[in-house]
Amino acid sequence: DIANSTVICGKAVYQEPFSVALFLGHNKPEDIRAWRKLVQRKFNLSNVSPTSAGVISRYDRNCVKSLKVAAWKRTEGSALRHMTNMAQVKNLVADYTDIPLIVLNSHSKMLPKDQISVFRSFDILISTHGAQLTNMVFGRENAAYIEVVAVPNDWFIRNGRSFAKAYIHSVGHLPANNPNLTKKMESCLSTAEECDRVTKWQFRQTDLIVNISILKRDLEDALAVLC
């Protein structure tokens with residue numbers, strides 16, 4: 001409620017570089033609880049999972065079959081970072097759930113509430129690296145995220161560990177149509193010192209061919225956490 005809110009005015013506002021991606025209030029539990037209550041009250045949202053009433057303590061195949069798994073497909077931005085073999089990803093998900101893989105996106109013309117609703121419509125999200133993952137701060141606390149990348153990065157995993165039931169860094173997926181970048185993967189995976197800043201940026205920007213074996217392992221880890 002605006003009437004009960006504190007309004008701060010200033011001529012200039014500063015923030016640490018990239019701080020929103022890495023931390024929200026240093027991810028203190030009390031800050032996260034307060035943030036969730038504010039979002040839920042403001043947008044009249046429920047924190048119940050879209051398909052399961054909550055998390056159960058053992059691996060339950062019936063639970064797994066009812067989970068909603070989504071994949072993110074960017075439609076805006078400097079780099080779309082698509083998963084080029086989406087059909088194989090769909091087939092993998094179909095091996096576990098009765099609900100077909102849902103392909104999601106949002107765009108700048110959507111209302112904030114609609115964008116938030118999109119990010120609360122799944123149990124597991126499979127996504128390449130991108131600013132869309134910042135929206136996990138609006139997501140359900142019992143959701144799981146799988147960030148599909150070629151080489152490791154820590155941009156979202158710190159928030160992910162605080163705001164999600166599970167945040168899995170799925171590493172080792174191949175750059176699409178970029179053989180020169182693919183040649184650099186081994187050195188970047190073996191030691192971070194051999195992977196310069198520009199090369200790391202190129203890995204974040206590229207489309208990816210999802211390694212289905214790697215994704216299968218990471219998807220099963222996410223399913224085990226939720227069921």
# chains A, B, ... in the order shown; residues from 1 in each chain; ligands from 1
$ closest_atom_pairs --of "region 163-183 of chain A" --to "region 136-144 of chain A" --cutoff "7 Å" --atoms "only C-alpha atoms" --output "JSON lines"
{"residue": "A:Phe163", "atom": "CA", "partner": "A:Glu141", "partner_atom": "CA", "distance": 5.7}
{"residue": "A:Ala164", "atom": "CA", "partner": "A:Glu141", "partner_atom": "CA", "distance": 4.8}
{"residue": "A:Lys165", "atom": "CA", "partner": "A:Asn142", "partner_atom": "CA", "distance": 4.7}
{"residue": "A:Ala166", "atom": "CA", "partner": "A:Ala144", "partner_atom": "CA", "distance": 4.6}
{"residue": "A:Tyr167", "atom": "CA", "partner": "A:Ala144", "partner_atom": "CA", "distance": 5.8}
$ write_last_selection --atoms "N, CA and C atoms" --output "JSON list (two decimals), in the first residue's frame"
[["chain", "number", "residue", "atom", "x", "y", "z"],
["A", 163, "PHE", "N", 16.86, -18.24, -3.24],
["A", 163, "PHE", "CA", 15.47, -18.01, -3.64],
["A", 163, "PHE", "C", 14.78, -19.24, -4.20],
["A", 164, "ALA", "N", 15.49, -20.32, -4.45],
["A", 164, "ALA", "CA", 14.89, -21.50, -5.07],
["A", 164, "ALA", "C", 15.13, -22.73, -4.22],
["A", 165, "LYS", "N", 14.30, -23.73, -4.44],
["A", 165, "LYS", "CA", 14.52, -25.01, -3.75],
["A", 165, "LYS", "C", 15.81, -25.66, -4.24],
["A", 166, "ALA", "N", 16.09, -25.47, -5.53],
["A", 166, "ALA", "CA", 17.35, -25.98, -6.10],
["A", 166, "ALA", "C", 17.76, -25.08, -7.25],
["A", 167, "TYR", "N", 19.06, -24.81, -7.34],
["A", 167, "TYR", "CA", 19.61, -24.08, -8.48],
["A", 167, "TYR", "C", 20.81, -24.88, -8.97]]
$ select_by_dssp --residues "region 82-127 of chain A" --states "alpha helix (DSSP H)" --output "PyMOL selection string"
chain A and resi 86-94+112-118
$ write_last_selection --atoms "C-alpha atoms" --output "PDB file, in the first residue's frame"
ATOM      1  CA  MET A  86      14.883 -27.972 -28.222  1.00  0.00           C
ATOM      2  CA  ALA A  87      13.119 -31.006 -29.737  1.00  0.00           C
ATOM      3  CA  GLN A  88      15.569 -33.295 -27.931  1.00  0.00           C
ATOM      4  CA  VAL A  89      15.021 -31.407 -24.694  1.00  0.00           C
ATOM      5  CA  LYS A  90      11.261 -31.925 -25.091  1.00  0.00           C
ATOM      6  CA  ASN A  91      11.778 -35.651 -25.647  1.00  0.00           C
ATOM      7  CA  LEU A  92      13.935 -35.885 -22.528  1.00  0.00           C
ATOM      8  CA  VAL A  93      11.327 -34.197 -20.354  1.00  0.00           C
ATOM      9  CA  ALA A  94       8.619 -36.466 -21.800  1.00  0.00           C
ATOM     10  CA  PRO A 112       4.892  -6.612 -14.540  1.00  0.00           C
ATOM     11  CA  LYS A 113       2.208  -8.837 -13.001  1.00  0.00           C
ATOM     12  CA  ASP A 114       2.049 -10.907 -16.197  1.00  0.00           C
ATOM     13  CA  GLN A 115       5.820 -11.297 -16.244  1.00  0.00           C
ATOM     14  CA  ILE A 116       5.784 -12.395 -12.618  1.00  0.00           C
ATOM     15  CA  SER A 117       2.989 -14.879 -13.335  1.00  0.00           C
ATOM     16  CA  VAL A 118       5.076 -16.452 -16.094  1.00  0.00           C
TER      17      VAL A 118
END
$ select_by_dssp --residues "region 82-138 of chain A" --states "strand (DSSP E)" --output "PyMOL selection string"
chain A and resi 102-104+124-128
$ write_last_selection --atoms "N, CA, C and O atoms" --output "compact mmCIF listing (two decimals), in the first residue's frame"
# COMPACT_ATOMS: atom_id res chain seq x y z
N ILE A 102 6.91 -27.01 -21.45
CA ILE A 102 6.32 -25.71 -21.76
C ILE A 102 7.43 -24.76 -22.15
O ILE A 102 8.43 -24.65 -21.45
N VAL A 103 7.28 -24.07 -23.28
CA VAL A 103 8.27 -23.08 -23.71
C VAL A 103 7.75 -21.70 -23.32
O VAL A 103 6.67 -21.29 -23.74
N LEU A 104 8.52 -21.00 -22.50
CA LEU A 104 8.09 -19.72 -21.94
C LEU A 104 8.97 -18.58 -22.42
O LEU A 104 10.13 -18.78 -22.77
N ILE A 124 10.00 -26.61 -12.56
CA ILE A 124 11.42 -26.61 -12.95
C ILE A 124 11.57 -25.76 -14.21
O ILE A 124 10.80 -25.92 -15.16
N LEU A 125 12.54 -24.89 -14.22
CA LEU A 125 12.85 -24.10 -15.41
C LEU A 125 14.23 -24.45 -15.92
O LEU A 125 15.20 -24.45 -15.17
N ILE A 126 14.31 -24.75 -17.23
CA ILE A 126 15.57 -24.98 -17.93
C ILE A 126 15.84 -23.74 -18.76
O ILE A 126 15.01 -23.35 -19.58
N SER A 127 16.97 -23.09 -18.54
CA SER A 127 17.23 -21.82 -19.22
C SER A 127 18.71 -21.67 -19.50
O SER A 127 19.56 -22.10 -18.70
N THR A 128 19.03 -21.06 -20.62
CA THR A 128 20.40 -20.62 -20.85
C THR A 128 20.65 -19.39 -19.96
O THR A 128 19.73 -18.85 -19.34
$ closest_residue --among "A:Arg204, A:Lys109, A:Lys42, A:Arg120" --to "Ala79 (chain A)" --atoms "only C-alpha atoms"
A:Arg204
$ residues_around --residues "Met185 (chain A)" --least-positions-apart "6" --cutoff "9 Å" --atoms "only C-alpha atoms" --output "PyMOL selection string"
chain A and resi 150-151+172+174+195+203
$ residues_around --residues "Leu215 (chain A)" --least-positions-apart "6" --cutoff "9 Å" --atoms "only C-alpha atoms" --output "ChimeraX atom specification"
/A:89,92,146,148,170-171,173
$ closest_residue --among "A:Leu219, A:Asn135, A:Tyr96, A:Asn62" --to "Asn159 (chain A)" --atoms "only C-alpha atoms"
A:Asn135
$ atom_distance --atom1 "CA of Trp35 (chain A)" --atom2 "CA of Phe119 (chain A)"
15.7 Å
$ atom_distance --atom1 "CA of Val225 (chain A)" --atom2 "CA of Ala70 (chain A)"
16.5 Å
$ closest_residue --among "A:Lys200, A:Pro29, A:Gly77, A:Pro175" --to "Ser187 (chain A)" --atoms "only C-alpha atoms"
A:Lys200
$ closest_residue --among "A:Arg161, A:Lys65, A:Arg217, A:Arg74" --to "Gln132 (chain A)" --atoms "only C-alpha atoms"
A:Arg74
